[in-house]
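For reference, the structure is listed below as structure tokens.
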Amino acid sequence: MNEKELIERAKNGDKSALAKLVKEQEKTIYNFAFKICRNPEQAENIMQETFLSMVKSLHQFDGNSKLTTWLYRIVTNHCLMAYRKKKNQFLSFDDEEIAAEHNISNDWSAIPSNVIENNELKDILDKAISKLAPYYRIVFILRDVNGYSTEETGKITNLSVPAVKSRLHRARAFLRNEINEAFKK
Amino acid sequence: MNPQKVTCKEVTDHICKSLGEDLDSPRCLAIKEHLNSCPDCQNYFTSIEKTIDFYKKYNLELPKESHDKLMDLLNLTDE
């Protein structure tokens, strides 16, 4: 059964179809939330809020975009709401406690060496990204990492195309400066 | 501006402004050519590419408890 059929069935109250949709999307949404808020507990809460919103509003989903795109819009809103509520609880990957709890350094070692050649570079990149404000991080991840077009990123974030471009430009310029500074040390 | 003569600063500025757009413009072609011969720009470009690659590939497994909690919350069951 394809996504469209599952959505139609879920809209008509088919719980098994809804469960399939949730299972297909949960990891994507959890990881997106984690990359933005950098806190596993918050990522889990945001994921829950996102799917509660999905269930509540699924009847409004018109099918003109992919379900994932629509969910990105919802999860982005929940990430920003969470950020506004708990500004000081958005943590970095380099938080030692979280890294230890989730074996982040071990996960890194599983990444092929041609992706990240050494830990120093990993630290530099990660610290640079952790300093980006969430809105910039969201645009950077949607546009550069997830490969959405400028227009799609605008629709997901509710930003105009010039605003997406400007945030992306500033995010990249910020990353460039941070990386350059780190290499100078 | 002569598109065939590009400095490192222009390359980095341009990449920051419009990477992924107008890839076939004369300016972008000149930039690509420059990138092939400038180690500094290559390093910078590679670092951004790696940042993006890292973010693409760095995914956590969703803990089973988190999945179970979500299904409970939505009143759904695994089949």
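All residue names refer to the structure tokens as shown: chains lettered A, B, ... in order, residues numbered from 1 in each chain, ligands numbered from 1 in order.
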For this session: Select residues of chain A: the criterion is any atom within 7 Å of an atom of chain B, counting only C-alpha atoms; output as JSON, numbers by chain.
Result: {"A": [15, 19, 27, 30, 31, 44, 48, 52, 115, 116, 125, 144, 145, 169, 172, 173]}
Output of the above residues as a PDB file, in the first residue's frame, restricted to N, CA and C atoms:
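Just written: selection32.pdb:
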ATOM      1  N   LYS A  15      -6.735   2.492  12.114  1.00  0.00           N
ATOM      2  CA  LYS A  15      -5.614   2.662  13.053  1.00  0.00           C
ATOM      3  C   LYS A  15      -4.363   1.943  12.583  1.00  0.00           C
ATOM      4  N   ALA A  19      -0.803   3.641  12.188  1.00  0.00           N
ATOM      5  CA  ALA A  19       0.389   3.101  12.854  1.00  0.00           C
ATOM      6  C   ALA A  19       1.528   2.934  11.845  1.00  0.00           C
ATOM      7  N   LYS A  27      11.417   7.899  12.972  1.00  0.00           N
ATOM      8  CA  LYS A  27      12.865   8.069  13.107  1.00  0.00           C
ATOM      9  C   LYS A  27      13.324   9.385  12.456  1.00  0.00           C
ATOM     10  N   TYR A  30      12.244  12.205  14.798  1.00  0.00           N
ATOM     11  CA  TYR A  30      13.063  12.188  16.023  1.00  0.00           C
ATOM     12  C   TYR A  30      14.448  12.760  15.731  1.00  0.00           C
ATOM     13  N   ASN A  31      15.043  12.330  14.641  1.00  0.00           N
ATOM     14  CA  ASN A  31      16.392  12.803  14.311  1.00  0.00           C
ATOM     15  C   ASN A  31      16.414  14.285  13.958  1.00  0.00           C
ATOM     16  N   GLU A  44      12.437  13.617  22.023  1.00  0.00           N
ATOM     17  CA  GLU A  44      11.339  12.661  22.179  1.00  0.00           C
ATOM     18  C   GLU A  44      10.013  13.400  22.408  1.00  0.00           C
ATOM     19  N   GLN A  48       6.716  13.435  19.994  1.00  0.00           N
ATOM     20  CA  GLN A  48       5.359  13.100  20.451  1.00  0.00           C
ATOM     21  C   GLN A  48       4.362  14.206  20.079  1.00  0.00           C
ATOM     22  N   LEU A  52       1.125  13.930  17.673  1.00  0.00           N
ATOM     23  CA  LEU A  52      -0.209  14.277  18.189  1.00  0.00           C
ATOM     24  C   LEU A  52      -0.858  15.304  17.260  1.00  0.00           C
ATOM     25  N   VAL A 115      34.251  10.341   5.539  1.00  0.00           N
ATOM     26  CA  VAL A 115      33.265  11.377   5.843  1.00  0.00           C
ATOM     27  C   VAL A 115      33.846  12.353   6.863  1.00  0.00           C
ATOM     28  N   ILE A 116      34.337  11.851   7.932  1.00  0.00           N
ATOM     29  CA  ILE A 116      34.968  12.700   8.943  1.00  0.00           C
ATOM     30  C   ILE A 116      36.336  12.086   9.223  1.00  0.00           C
ATOM     31  N   LEU A 125      33.487  21.273  13.610  1.00  0.00           N
ATOM     32  CA  LEU A 125      32.233  21.412  12.856  1.00  0.00           C
ATOM     33  C   LEU A 125      31.035  21.407  13.799  1.00  0.00           C
ATOM     34  N   ASP A 144      20.518  22.492   3.215  1.00  0.00           N
ATOM     35  CA  ASP A 144      21.798  21.876   2.837  1.00  0.00           C
ATOM     36  C   ASP A 144      21.863  20.381   3.159  1.00  0.00           C
ATOM     37  N   VAL A 145      21.316  20.007   4.287  1.00  0.00           N
ATOM     38  CA  VAL A 145      21.454  18.609   4.705  1.00  0.00           C
ATOM     39  C   VAL A 145      20.341  17.752   4.095  1.00  0.00           C
ATOM     40  N   HIS A 169      22.604  32.022   3.952  1.00  0.00           N
ATOM     41  CA  HIS A 169      23.860  32.731   3.697  1.00  0.00           C
ATOM     42  C   HIS A 169      24.568  33.044   5.009  1.00  0.00           C
ATOM     43  N   ARG A 172      25.876  29.822   6.658  1.00  0.00           N
ATOM     44  CA  ARG A 172      27.107  29.329   6.030  1.00  0.00           C
ATOM     45  C   ARG A 172      28.290  30.250   6.344  1.00  0.00           C
ATOM     46  N   ALA A 173      28.033  31.567   6.296  1.00  0.00           N
ATOM     47  CA  ALA A 173      29.115  32.514   6.584  1.00  0.00           C
ATOM     48  C   ALA A 173      29.580  32.337   8.031  1.00  0.00           C
TER      49      ALA A 173
END
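Coordinates place atom CA of Glu178 of chain A at a distance of 25.4 Å from atom CA of Pro40 of chain A.
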List the spatial neighbours of Arg9 of chain A as an NGL selection string - criterion: any atom at most 12 Å away, only C-alpha atoms, same-chain residues fewer than 4 positions off excluded.
:A and (1-5 or 13-21 or 58-59)
The distance between atom CA of Ile138 of chain A and atom CA of Thr76 of chain A is 7.4 Å
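Put simply, atom CA of Ala133 of chain A is 14.8 Å away from atom CA of Asn39 of chain A.
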- Query: Can you tell me, as a list in words, what residues are no more than 7 Å from Ile36 of chain A when counting only C-alpha atoms, ignoring any on the same chain fewer than 2 positions away?
  - Reply: Phe32, Ala33, Phe34, Arg38, Pro134, Arg137 and Ile138 of chain A
Contacts of segment 140-143 of chain A at 7 Å (only C-alpha atoms; same-chain gap of 5+ positions) as number ranges by chain: A: 148-150, 153, 168, 171
- Message: Please list as a VMD selection string every residue within 9 Å of Trp70 of chain A, counting only C-alpha atoms and excluding residues in the same chain fewer than 6 positions away.
- Response: chain A and resid 54 61 156
May I have the selected residues written with N, CA and C atoms, as a CSV table (one decimal), in the first residue's frame?
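Result file follows (part_31.csv):
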chain,number,residue,atom,x,y,z
A,54,MET,N,-0.1,15.7,14.1
A,54,MET,CA,-0.4,15.0,12.9
A,54,MET,C,-1.8,14.3,12.9
A,61,PHE,N,-4.7,17.5,5.8
A,61,PHE,CA,-3.6,17.3,4.9
A,61,PHE,C,-4.2,17.1,3.5
A,156,ILE,N,8.1,25.2,4.5
A,156,ILE,CA,8.2,24.5,5.7
A,156,ILE,C,8.3,25.4,6.9
